[in-house]
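Asks: My structure is stored as target05.pdb, with PDB, C-alpha atoms and all ligand atoms.
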ATOM      1  CA  MET A   1     -22.345  -5.910  22.069
ATOM      2  CA  VAL A   2     -19.464  -4.687  19.949
ATOM      3  CA  ILE A   3     -19.007  -1.014  19.161
ATOM      4  CA  VAL A   4     -17.437  -0.658  15.714
ATOM      5  CA  THR A   5     -16.286   2.882  15.172
ATOM      6  CA  ASP A   6     -14.822   4.770  12.270
ATOM      7  CA  LEU A   7     -11.773   6.885  13.087
ATOM      8  CA  GLU A   8     -11.402   9.967  10.875
ATOM      9  CA  GLY A   9     -14.255  12.415  11.170
ATOM     10  CA  VAL A  10     -15.515  10.660  14.310
ATOM     11  CA  LEU A  11     -12.587  10.471  16.744
ATOM     12  CA  ILE A  12      -9.842  12.410  14.943
ATOM     13  CA  PRO A  13      -9.672  14.939  12.074
ATOM     14  CA  GLU A  14      -8.957  13.809   8.496
ATOM     15  CA  VAL A  15      -5.247  12.917   8.406
ATOM     16  CA  TRP A  16      -4.692  13.675   4.686
ATOM     17  CA  GLU A  17      -5.919  17.221   5.326
ATOM     18  CA  GLU A  18      -3.237  17.619   7.975
ATOM     19  CA  VAL A  19      -0.585  16.164   5.657
ATOM     20  CA  ALA A  20      -1.675  18.636   2.958
ATOM     21  CA  ARG A  21      -1.531  21.552   5.383
ATOM     22  CA  VAL A  22       1.902  20.750   6.817
ATOM     23  CA  THR A  23       3.557  19.851   3.493
ATOM     24  CA  GLY A  24       1.863  22.620   1.490
ATOM     25  CA  VAL A  25       0.777  20.079  -1.151
ATOM     26  CA  SER A  26      -2.848  21.138  -1.113
ATOM     27  CA  GLU A  27      -3.990  18.530  -3.609
ATOM     28  CA  LEU A  28      -3.315  15.837  -0.999
ATOM     29  CA  ALA A  29      -6.369  17.109   0.867
ATOM     30  CA  MET A  30      -8.750  15.832  -1.820
ATOM     31  CA  THR A  31     -11.277  13.378  -0.529
ATOM     32  CA  THR A  32     -13.779  10.950  -1.971
ATOM     33  CA  HIS A  33     -16.063  13.957  -2.360
ATOM     34  CA  ASP A  34     -13.651  15.261  -5.033
ATOM     35  CA  GLU A  35     -12.725  11.863  -6.505
ATOM     36  CA  PRO A  36     -15.353   9.214  -5.687
ATOM     37  CA  ASP A  37     -13.192   6.380  -7.033
ATOM     38  CA  PHE A  38     -11.002   5.548  -4.049
ATOM     39  CA  GLY A  39      -8.468   3.634  -6.167
ATOM     40  CA  ARG A  40      -7.949   6.636  -8.434
ATOM     41  CA  LEU A  41      -7.789   8.966  -5.454
ATOM     42  CA  MET A  42      -5.099   6.840  -3.794
ATOM     43  CA  ASP A  43      -3.132   6.459  -7.037
ATOM     44  CA  ARG A  44      -3.099  10.240  -7.360
ATOM     45  CA  ARG A  45      -1.979  10.657  -3.750
ATOM     46  CA  VAL A  46       0.862   8.167  -4.259
ATOM     47  CA  GLU A  47       1.900  10.086  -7.380
ATOM     48  CA  LEU A  48       1.922  13.378  -5.454
ATOM     49  CA  LEU A  49       3.957  11.859  -2.611
ATOM     50  CA  SER A  50       6.517  10.717  -5.161
ATOM     51  CA  GLN A  51       6.595  14.069  -7.008
ATOM     52  CA  HIS A  52       7.241  15.934  -3.767
ATOM     53  CA  ASP A  53       9.531  13.234  -2.349
ATOM     54  CA  LEU A  54       7.369  12.828   0.743
ATOM     55  CA  ARG A  55       8.418   9.606   2.433
ATOM     56  CA  LEU A  56       6.824   7.423   5.076
ATOM     57  CA  PRO A  57       8.861   8.542   8.110
ATOM     58  CA  GLU A  58       7.920  12.169   7.471
ATOM     59  CA  LEU A  59       4.294  11.276   6.761
ATOM     60  CA  SER A  60       4.121   9.227   9.960
ATOM     61  CA  ARG A  61       5.615  12.109  11.919
ATOM     62  CA  ILE A  62       3.044  14.579  10.555
ATOM     63  CA  ALA A  63       0.202  12.156  11.196
ATOM     64  CA  GLY A  64       1.550  11.441  14.666
ATOM     65  CA  ASP A  65       1.034  15.094  15.587
ATOM     66  CA  VAL A  66      -2.684  14.932  14.820
ATOM     67  CA  LEU A  67      -4.674  15.297  18.011
ATOM     68  CA  PRO A  68      -7.924  13.444  18.699
ATOM     69  CA  TYR A  69     -11.080  15.540  18.912
ATOM     70  CA  PRO A  70     -11.723  16.820  22.434
ATOM     71  CA  GLY A  71     -13.435  14.083  24.433
ATOM     72  CA  ALA A  72     -12.579  11.276  21.978
ATOM     73  CA  THR A  73     -10.127   9.528  24.313
ATOM     74  CA  GLU A  74     -12.628   9.630  27.152
ATOM     75  CA  LEU A  75     -15.376   8.375  24.846
ATOM     76  CA  LEU A  76     -13.352   5.294  23.868
ATOM     77  CA  ALA A  77     -12.566   4.557  27.525
ATOM     78  CA  TRP A  78     -16.251   4.852  28.330
ATOM     79  CA  TYR A  79     -17.165   2.484  25.465
ATOM     80  CA  ARG A  80     -14.953  -0.153  27.064
ATOM     81  CA  THR A  81     -17.053  -0.044  30.228
ATOM     82  CA  LYS A  82     -20.051  -1.099  28.131
ATOM     83  CA  ALA A  83     -18.762  -3.244  25.283
ATOM     84  CA  GLN A  84     -15.894  -4.442  23.136
ATOM     85  CA  VAL A  85     -14.512  -1.822  20.775
ATOM     86  CA  MET A  86     -13.122  -2.098  17.253
ATOM     87  CA  ILE A  87     -11.754   0.840  15.290
ATOM     88  CA  VAL A  88     -12.289   0.107  11.601
ATOM     89  CA  SER A  89     -11.016   2.729   9.209
ATOM     90  CA  ASP A  90     -10.019   3.489   5.637
ATOM     91  CA  THR A  91      -6.975   5.193   7.074
ATOM     92  CA  PHE A  92      -3.470   3.707   6.939
ATOM     93  CA  HIS A  93      -1.704   2.037   9.843
ATOM     94  CA  GLU A  94       1.387   4.160   9.197
ATOM     95  CA  PHE A  95      -0.740   7.265   9.702
ATOM     96  CA  SER A  96      -3.040   6.415  12.512
ATOM     97  CA  GLU A  97      -1.531   3.685  14.692
ATOM     98  CA  GLN A  98       0.295   6.249  16.847
ATOM     99  CA  ILE A  99      -2.796   8.377  17.351
ATOM    100  CA  VAL A 100      -4.883   5.346  18.282
ATOM    101  CA  GLN A 101      -2.265   4.022  20.700
ATOM    102  CA  ARG A 102      -2.148   7.415  22.397
ATOM    103  CA  MET A 103      -5.891   7.121  22.999
ATOM    104  CA  GLY A 104      -5.506   3.677  24.550
ATOM    105  CA  PRO A 105      -4.765   0.020  23.800
ATOM    106  CA  TYR A 106      -7.355  -0.341  21.041
ATOM    107  CA  ASN A 107      -7.293  -2.492  17.933
ATOM    108  CA  LEU A 108      -7.098  -0.606  14.672
ATOM    109  CA  PHE A 109      -8.150  -2.342  11.466
ATOM    110  CA  ALA A 110      -6.980  -0.258   8.512
ATOM    111  CA  ASN A 111      -5.024  -0.296   5.255
ATOM    112  CA  THR A 112      -1.245  -0.242   4.802
ATOM    113  CA  PHE A 113       1.214   1.453   2.451
ATOM    114  CA  ARG A 114       3.772  -0.360   0.327
ATOM    115  CA  ALA A 115       7.120   1.369   0.557
ATOM    116  CA  ASP A 116      10.725   0.725  -0.393
ATOM    117  CA  GLU A 117      13.581   0.575   2.111
ATOM    118  CA  GLU A 118      14.072   4.329   1.949
ATOM    119  CA  GLY A 119      10.430   4.915   2.836
ATOM    120  CA  ARG A 120       9.283   5.970  -0.640
ATOM    121  CA  VAL A 121       5.606   5.117  -0.975
ATOM    122  CA  LEU A 122       5.120   2.769  -3.936
ATOM    123  CA  GLY A 123       1.498   1.877  -3.434
ATOM    124  CA  TYR A 124      -0.932   0.588  -0.852
ATOM    125  CA  ARG A 125      -2.724  -2.526   0.316
ATOM    126  CA  LEU A 126      -6.410  -2.206   0.970
ATOM    127  CA  ARG A 127      -7.747  -4.432   3.695
ATOM    128  CA  ILE A 128     -10.709  -2.399   4.857
ATOM    129  CA  ARG A 129     -11.783  -0.301   1.883
ATOM    130  CA  GLY A 130     -15.246  -1.363   0.787
ATOM    131  CA  ARG A 131     -15.262  -4.198   3.320
ATOM    132  CA  LYS A 132     -16.411  -2.575   6.532
ATOM    133  CA  ASP A 133     -19.660  -4.514   6.180
ATOM    134  CA  ASN A 134     -17.734  -7.818   6.121
ATOM    135  CA  VAL A 135     -16.195  -7.012   9.494
ATOM    136  CA  ILE A 136     -19.652  -6.478  10.927
ATOM    137  CA  ARG A 137     -21.156  -9.490   9.185
ATOM    138  CA  SER A 138     -18.488 -11.713  10.732
ATOM    139  CA  LEU A 139     -19.078 -10.358  14.231
ATOM    140  CA  LYS A 140     -22.835 -10.810  13.835
ATOM    141  CA  GLN A 141     -22.350 -14.388  12.737
ATOM    142  CA  ILE A 142     -20.769 -15.190  16.070
ATOM    143  CA  GLY A 143     -23.674 -13.629  17.919
ATOM    144  CA  PHE A 144     -22.726 -10.033  18.683
ATOM    145  CA  ARG A 145     -25.072  -7.090  18.566
ATOM    146  CA  ILE A 146     -23.358  -4.300  16.655
ATOM    147  CA  VAL A 147     -23.428  -0.572  17.188
ATOM    148  CA  ALA A 148     -21.628   1.055  14.223
ATOM    149  CA  ILE A 149     -20.542   4.679  14.394
ATOM    150  CA  GLY A 150     -19.381   6.593  11.326
ATOM    151  CA  ASP A 151     -19.634   9.881   9.511
ATOM    152  CA  GLY A 152     -19.244   9.350   5.781
ATOM    153  CA  TYR A 153     -20.244   7.627   2.567
ATOM    154  CA  ASN A 154     -17.560   5.005   3.081
ATOM    155  CA  ASP A 155     -19.477   3.879   6.166
ATOM    156  CA  GLU A 156     -22.689   3.181   4.279
ATOM    157  CA  LEU A 157     -22.207  -0.591   3.906
ATOM    158  CA  MET A 158     -21.216  -0.833   7.554
ATOM    159  CA  PHE A 159     -24.340   1.082   8.552
ATOM    160  CA  ARG A 160     -26.519  -1.239   6.483
ATOM    161  CA  MET A 161     -25.142  -4.321   8.203
ATOM    162  CA  ALA A 162     -25.173  -2.990  11.794
ATOM    163  CA  ASP A 163     -28.003  -3.494  14.290
ATOM    164  CA  HIS A 164     -27.693   0.110  15.465
ATOM    165  CA  PRO A 165     -26.151   2.506  12.939
ATOM    166  CA  VAL A 166     -25.089   5.827  14.453
ATOM    167  CA  LEU A 167     -24.492   8.642  11.954
ATOM    168  CA  PHE A 168     -22.176  11.242  13.445
ATOM    169  CA  ASN A 169     -22.436  14.588  11.615
ATOM    170  CA  ALA A 170     -23.265  12.663   8.447
ATOM    171  CA  PRO A 171     -24.526  14.254   5.216
ATOM    172  CA  ASP A 172     -28.310  14.476   4.751
ATOM    173  CA  ASP A 173     -28.508  12.246   1.684
ATOM    174  CA  LEU A 174     -26.585   9.473   3.428
ATOM    175  CA  ALA A 175     -28.759   9.740   6.530
ATOM    176  CA  ALA A 176     -31.873   9.537   4.365
ATOM    177  CA  ARG A 177     -30.725   6.160   3.019
ATOM    178  CA  ILE A 178     -30.109   4.567   6.428
ATOM    179  CA  GLU A 179     -33.655   4.096   7.677
ATOM    180  CA  ASN A 180     -32.812   2.613  11.075
ATOM    181  CA  GLY A 181     -29.957   5.052  11.663
ATOM    182  CA  THR A 182     -29.732   7.493  14.541
ATOM    183  CA  ARG A 183     -28.297  10.876  13.608
ATOM    184  CA  VAL A 184     -26.177  12.531  16.251
ATOM    185  CA  THR A 185     -23.923  15.562  16.441
ATOM    186  CA  THR A 186     -22.361  15.104  19.888
ATOM    187  CA  TYR A 187     -20.568  12.393  21.843
ATOM    188  CA  GLU A 188     -23.174  12.819  24.574
ATOM    189  CA  GLU A 189     -25.877  11.665  22.168
ATOM    190  CA  ILE A 190     -23.789   8.606  21.267
ATOM    191  CA  ARG A 191     -23.422   7.780  24.959
ATOM    192  CA  ARG A 192     -27.174   8.035  25.498
ATOM    193  CA  LEU A 193     -27.877   5.698  22.597
ATOM    194  CA  ILE A 194     -25.356   3.121  23.804
ATOM    195  CA  ILE A 195     -26.870   3.178  27.286
ATOM    196  CA  GLU A 196     -30.246   2.324  25.702
ATOM    197  CA  VAL A 197     -28.794  -0.470  23.554
ATOM    198  CA  HIS A 198     -26.935  -1.818  26.575
ATOM    199  CA  LYS A 199     -30.269  -2.300  28.370
ATOM    200  CA  LEU A 200     -31.635  -4.554  25.617
ATOM    201  CA  PRO A 201     -31.719  -8.287  26.340
ATOM    202  CA  PRO A 202     -28.832 -10.247  24.842
ATOM    203  CA  LEU A 203     -29.343 -11.683  21.379
ATOM    204  CA  ALA A 204     -30.425 -15.302  21.347
ATOM    205  CA  LEU A 205     -27.432 -17.491  20.629
ATOM    206  CA  GLN A 206     -27.835 -19.828  17.698
ATOM    207  CA  SER A 207     -27.573 -23.319  19.096
ATOM    208  CA  THR A 208     -25.496 -25.875  17.240
ATOM    209  CA  PRO A 209     -27.480 -28.775  15.790
ATOM    210  CA  ALA A 210     -27.750 -31.736  18.145
ATOM    211  CA  GLU A 211     -25.655 -34.701  17.164
ATOM    212  CA  GLY A 212     -27.251 -37.922  16.033
TER     213      GLY A 212
HETATM  214 MG    MG B 301     -14.847   8.937   8.550
END
Could you write out this file's structure as structure tokens?
Replies:
Amino acid sequence: MVIVTDLEGVLIPEVWEEVARVTGVSELAMTTHDEPDFGRLMDRRVELLSQHDLRLPELSRIAGDVLPYPGATELLAWYRTKAQVMIVSDTFHEFSEQIVQRMGPYNLFANTFRADEEGRVLGYRLRIRGRKDNVIRSLKQIGFRIVAIGDGYNDELMFRMADHPVLFNAPDDLAARIENGTRVTTYEEIRRLIIEVHKLPPLALQSTPAEG
């Protein structure tokens, strides 16, 4: 079993909201709820960072002060007693690597910024955006059962691909579309579900065709 978990909204607060609060640039707090096109949203954020001369070292410092939700560190440690863990997020490594490493030695798969030598953000490289389902598809192809935990619309493809989608404080309309999803509002409920999945027999391994 592999537990694939989203980061923001599940284990930590939304980092852009914190950046907006600390810098006073409130428009940076917009989300995909305000601008559904992620490319346009990111282009606007990059523009705002430039206008206000907010550079990567400062952004990383602000993000580094973000604290995980209470119990999140313990939850990740508990996951590791049951399964492998992957944190797959639309966040940026420059924002969230420090927070993740404070929670433990976990792998973070996220996007990265493009910046010049003085730390001015010029753009971004998307590795995860819109591809969370590919991560899960690949793990399934090599025989893993997947529990996927997320909270938002950007997790929908991941939920569709997972064996056990877990919707943490997710909106009603999203939950209605994920028929095999389990809706939860607490970490305790996630733990209970994982204990049940852990009891299931292992998936049958696909045998390789016999030679000759
Ligand atoms: Mg999220």
Asks: Any idea what the distance is between CA of Gln98 (chain A) and CA of Pro13 (chain A)?
Replies: 14.1 Å
Asks: Within 9 Å of ligand MG 301 (chain B), which residues show up when you count all atoms listed in the file? List them as a JSON list (two decimals) with C-alpha atoms, in the frame of the given file, please.
Replies:
[["chain", "number", "residue", "atom", "x", "y", "z"],
["A", 6, "ASP", "CA", -14.82, 4.77, 12.27],
["A", 7, "LEU", "CA", -11.77, 6.88, 13.09],
["A", 8, "GLU", "CA", -11.40, 9.97, 10.88],
["A", 9, "GLY", "CA", -14.26, 12.42, 11.17],
["A", 10, "VAL", "CA", -15.52, 10.66, 14.31],
["A", 11, "LEU", "CA", -12.59, 10.47, 16.74],
["A", 12, "ILE", "CA", -9.84, 12.41, 14.94],
["A", 13, "PRO", "CA", -9.67, 14.94, 12.07],
["A", 14, "GLU", "CA", -8.96, 13.81, 8.50],
["A", 89, "SER", "CA", -11.02, 2.73, 9.21],
["A", 90, "ASP", "CA", -10.02, 3.49, 5.64],
["A", 91, "THR", "CA", -6.98, 5.19, 7.07],
["A", 150, "GLY", "CA", -19.38, 6.59, 11.33],
["A", 151, "ASP", "CA", -19.63, 9.88, 9.51],
["A", 152, "GLY", "CA", -19.24, 9.35, 5.78],
["A", 153, "TYR", "CA", -20.24, 7.63, 2.57],
["A", 154, "ASN", "CA", -17.56, 5.00, 3.08],
["A", 155, "ASP", "CA", -19.48, 3.88, 6.17]]
Asks: Let me have the centre and edge lengths in Å, one decimal, of the box along x, y and z around every listed atom of region 92-101 of chain A with 5 Å of margin on each side, as AutoDock Vina command-line options.
Replies:
--center_x -1.7 --center_y 5.2 --center_z 13.8 --size_x 16.3 --size_y 16.3 --size_z 23.8
Asks: Between A:Arg160, A:Val88, A:Glu17, A:Asn107, which is the closest to Lys132 (chain A) once you count all atoms listed in the file?
Replies: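 Closest residue, counting all atoms listed in the file: A:Val88.
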Asks: Step by step, work through what the PyMOL selection byres (((chain A and resi 60) around 10) and not hetatm) selects in the shown file, and finish by giving those residues as a PyMOL selection string.
Replies: chain A and resi 19+55-59+61-65+92-98
Asks: Using all atoms listed in the file, which of the listed residues (A:Leu203, A:Met86, A:Val121, A:Ala115) sits closest to Gln141 (chain A)?
Replies: A:Leu203
Asks: When the PyMOL selection byres (((chain A and resi 162) around 10) and not hetatm) is applied to the file above, which residues end up in the set, as a ChimeraX atom specification?
Replies: /A:3-4,133,136-137,139-140,145-149,157-161,163-166,180-181
Asks: Can you tell me, as a list in words, what residues are no more than 9 Å from Arg183 (chain A) when counting all atoms listed in the file, ignoring any on the same chain fewer than 2 positions away?
Replies: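 These residues fall inside the cut-off: Pro165, Val166, Leu167, Phe168, Asn169, Ala170, Ala175, Gly181, Thr185 and Glu189 of chain A.
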Asks: Might you pull out every residue within 12 Å of Ser26 (chain A), with all atoms listed in the file counted and same-chain residues fewer than 3 positions away left off, and present them as number ranges by chain?
Replies: A: 16-23, 29-31, 45, 48-49, 52
Asks: For the atom pair CA of Leu67 (chain A) and CA of Ile99 (chain A), what is the interatomic distance in Å to one decimal place?
Replies: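 A separation of 7.2 Å between them.
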Asks: Just to confirm, what's the straight-line distance from CA of Tyr187 (chain A) to CA of Pro70 (chain A) in Å (one decimal)?
Replies: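 CA of Tyr187 (chain A) sits 9.9 Å away from CA of Pro70 (chain A).
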Asks: Mind checking which residues fall within 8 Å of region 76-85 of chain A, counting all atoms listed in the file, ignoring those fewer than 3 positions away in the same chain, and posting them as an MDAnalysis selection string?
Replies: chainID A and resid 1:5 72:73 103:104 106:107 198
Asks: Name the residues captured by the PyMOL selection byres (((chain A and resi 38) around 12) and not hetatm) when it is applied to the shown file; answer as an NGL selection string.
Replies: :A and (30-37 or 39-45 or 90-91 or 124 or 126 or 128-130 or 153-154)
Asks: Which residues, written as a list in words, have at least one atom at most 10 Å from Glu188 (chain A), with all atoms listed in the file counted and residues fewer than 4 positions away on the same chain left out?
Replies: Gly71, Leu75, Val184, Arg192, Leu193 and Ile194 of chain A
